[in-house]
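Enquirer: This is the structure, below, for whatever I ask next.
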Amino acid sequence: MSGDHSSAPVAAQVRHVEALLEERGVLDAGEIDRRIEAFLAGGSPLNGARIVARAWLDPGFRGRLLTDANTALEELGLSMGGGLQEQRLKVVANTDDEHNVVVCTLCSCYPIALLGPSPSWYKSEAYRSRVVREPRGVLREFGLELPASTRITVWDASAESRYLVLPRRPEGTAGRTEEELAGLVTRNGLIGTAAV
Amino acid sequence: MTDRFAPGDLVRTSSRDPAGHSRLPRYARGAVGEVVEVAGHHPLADERARGRTAPPQAVYHVRFPAAELFGEGDHAVTVELWESYLEPVDRRGKGRP
């Protein structure tokens, strides 16, 4: 899987197999589309923003989130259970001297059930191959210039867990409500390619 | 089944180049890293990709210095790896087996 492949031979093969499965009555017409829609329903970066805002305001929740994210999600009525089985979520927190960034070098694993589809650059070969090797340079291209003293950890989603970055709370946000704080969080911040 | 490794253990990844599917990324083969955390228990993806059933085994977050993987860089890469990909490494002077 490598970014845009709508015209790749494999796409034609998939369409052919889908047509055969429908022709032989294994699948109803449109069943795959309906399954995908059901899987994506409710998935949005807004979920991630809510999680981050709660963690900024509630140190107890932050601790539970970093220890056992799946259980902590239930407190917000969220879950990683949108797929065939519930996936484990691993939340990694940025600090004053450490920054985290997520990639799936082997394909494009991403917490879709929670955040919705990943951005197209996340699936590009350029991002997947470069960010493990030269994260500081790649983050600079995203407009994120980190101090030389900031340590960078890249998380490769190479197995069954999915990842979410907990950004640092911006300065000057004291007194803001949870909803206002959630409005500051971007999808790139949840992946680690932006500060927030 | 008991987990073979625990957080803090040093491990070396397999340098084998398997013929079929593997979730051990090529850039992380034959490298020494430190187990950070157990990331659950799952059947080996290599076996599932071949249509075989396999018992669940531990999967670990393993942290590698970039210099160990690429010969340069000051960052770290944490890769999620099945126990079958890993062998123990002596941590000299600390009495580990």
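Just remember, in the structure tokens the first chain shown is A, the second B, etc., residues are 1-based per chain, and ligands are 1-based in the order shown.
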Please determine the contact residues of chain B with respect to chain A at a cut-off of 9 Å, counting only C-alpha atoms, and supply them as a PyMOL selection string.
Expert: chain B and resi 23-25+39-40+42+45+59+61+63+66+69-70+72-82
Enquirer: In stretch 139-184 of chain A, what's strand (DSSP E) per DSSP? Answer as a list in words?
Expert: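 Here is the list: Arg151, Ile152, Thr153, Val154, Trp155, Asp156, Arg162, Tyr163, Leu164, Val165 and Leu166 of chain A.
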Enquirer: Could you take the residues named above and write them with N, CA and C atoms, as a PDB file, in the first residue's frame?
Expert:
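So part08.pdb came out as:
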ATOM      1  N   ARG A 151      14.586  15.673  22.403  1.00  0.00           N
ATOM      2  CA  ARG A 151      14.776  14.316  21.897  1.00  0.00           C
ATOM      3  C   ARG A 151      13.546  13.897  21.100  1.00  0.00           C
ATOM      4  N   ILE A 152      13.752  13.167  20.016  1.00  0.00           N
ATOM      5  CA  ILE A 152      12.631  12.722  19.187  1.00  0.00           C
ATOM      6  C   ILE A 152      12.530  11.206  19.248  1.00  0.00           C
ATOM      7  N   THR A 153      11.316  10.720  19.493  1.00  0.00           N
ATOM      8  CA  THR A 153      11.046   9.285  19.399  1.00  0.00           C
ATOM      9  C   THR A 153      10.010   9.055  18.312  1.00  0.00           C
ATOM     10  N   VAL A 154      10.353   8.199  17.365  1.00  0.00           N
ATOM     11  CA  VAL A 154       9.433   7.814  16.299  1.00  0.00           C
ATOM     12  C   VAL A 154       8.811   6.481  16.689  1.00  0.00           C
ATOM     13  N   TRP A 155       7.492   6.376  16.601  1.00  0.00           N
ATOM     14  CA  TRP A 155       6.785   5.124  16.917  1.00  0.00           C
ATOM     15  C   TRP A 155       6.316   4.487  15.625  1.00  0.00           C
ATOM     16  N   ASP A 156       6.845   3.286  15.324  1.00  0.00           N
ATOM     17  CA  ASP A 156       6.447   2.576  14.118  1.00  0.00           C
ATOM     18  C   ASP A 156       5.314   1.609  14.480  1.00  0.00           C
ATOM     19  N   ARG A 162      -2.365   0.784  17.905  1.00  0.00           N
ATOM     20  CA  ARG A 162      -2.471   2.050  17.190  1.00  0.00           C
ATOM     21  C   ARG A 162      -2.026   3.146  18.156  1.00  0.00           C
ATOM     22  N   TYR A 163      -1.617   4.284  17.625  1.00  0.00           N
ATOM     23  CA  TYR A 163      -0.943   5.297  18.434  1.00  0.00           C
ATOM     24  C   TYR A 163      -1.601   6.654  18.331  1.00  0.00           C
ATOM     25  N   LEU A 164      -1.475   7.404  19.421  1.00  0.00           N
ATOM     26  CA  LEU A 164      -1.960   8.775  19.468  1.00  0.00           C
ATOM     27  C   LEU A 164      -0.942   9.592  20.261  1.00  0.00           C
ATOM     28  N   VAL A 165      -0.572  10.747  19.727  1.00  0.00           N
ATOM     29  CA  VAL A 165       0.356  11.624  20.447  1.00  0.00           C
ATOM     30  C   VAL A 165      -0.449  12.592  21.311  1.00  0.00           C
ATOM     31  N   LEU A 166      -0.026  12.744  22.557  1.00  0.00           N
ATOM     32  CA  LEU A 166      -0.613  13.737  23.454  1.00  0.00           C
ATOM     33  C   LEU A 166       0.294  14.963  23.434  1.00  0.00           C
TER      34      LEU A 166
END
Enquirer: If we count only C-alpha atoms and set the cut-off at 8 Å, which residues sit around stretch 41-50 of chain A, ignoring sequence neighbours fewer than 2 positions away in its own chain? Please answer as a list in words.
Expert: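 Those residues are Glu37, Ala38, Phe39, Val52, Ala53, Arg54, Leu78, Ile112, Ala113, Leu114, Leu115, Gly116, Pro117, Leu164, Glu178, Glu179, Ala182, Gly183, Leu184, Val185, Thr186, Arg187 and Leu190 of chain A.
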Enquirer: Using C-alpha atoms, can you write the selected residues to a file as a PDB file, in the first residue's frame?
Expert:
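The result, written out as selection23.pdb:
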ATOM      1  CA  GLU A  37     -19.166   3.417   6.085  1.00  0.00           C
ATOM      2  CA  ALA A  38     -20.156   1.684   9.319  1.00  0.00           C
ATOM      3  CA  PHE A  39     -16.500   1.332  10.259  1.00  0.00           C
ATOM      4  CA  VAL A  52      -6.206  15.637  24.623  1.00  0.00           C
ATOM      5  CA  ALA A  53      -8.218  18.479  26.170  1.00  0.00           C
ATOM      6  CA  ARG A  54      -9.432  16.202  28.979  1.00  0.00           C
ATOM      7  CA  LEU A  78     -15.140   6.484  23.041  1.00  0.00           C
ATOM      8  CA  ILE A 112      -9.223   4.902  12.044  1.00  0.00           C
ATOM      9  CA  ALA A 113     -12.028   3.772  14.365  1.00  0.00           C
ATOM     10  CA  LEU A 114     -11.256   6.727  16.604  1.00  0.00           C
ATOM     11  CA  LEU A 115      -9.886   9.423  14.290  1.00  0.00           C
ATOM     12  CA  GLY A 116     -11.356   8.584  10.900  1.00  0.00           C
ATOM     13  CA  PRO A 117      -9.264   8.091   7.746  1.00  0.00           C
ATOM     14  CA  LEU A 164      -1.960   8.775  19.468  1.00  0.00           C
ATOM     15  CA  GLU A 178     -12.321  21.825  27.817  1.00  0.00           C
ATOM     16  CA  GLU A 179     -14.180  22.645  24.622  1.00  0.00           C
ATOM     17  CA  ALA A 182     -10.111  20.834  22.196  1.00  0.00           C
ATOM     18  CA  GLY A 183     -10.474  23.459  19.473  1.00  0.00           C
ATOM     19  CA  LEU A 184      -6.712  24.059  19.571  1.00  0.00           C
ATOM     20  CA  VAL A 185      -5.796  20.444  18.774  1.00  0.00           C
ATOM     21  CA  THR A 186      -5.124  19.487  15.150  1.00  0.00           C
ATOM     22  CA  ARG A 187      -4.991  16.106  13.455  1.00  0.00           C
ATOM     23  CA  LEU A 190      -2.284  13.913  17.197  1.00  0.00           C
TER      24      LEU A 190
END
Enquirer: Please return, as a PyMOL selection string, all residues of chain A that DSSP assigns to alpha helix (DSSP H) on the basis of the backbone.
Expert: chain A and resi 9-23+31-40+45-57+59-67+69-73+112-115+125-130+135-141+178-182+187-191
Enquirer: From the list A:Gly81, A:Gly137, A:Pro119, A:Pro167, which residue is nearest A:Ile51 when using only C-alpha atoms?
Expert: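 Between A:Gly81, A:Gly137, A:Pro119, A:Pro167, the residue approaching A:Ile51 most closely is A:Pro167.
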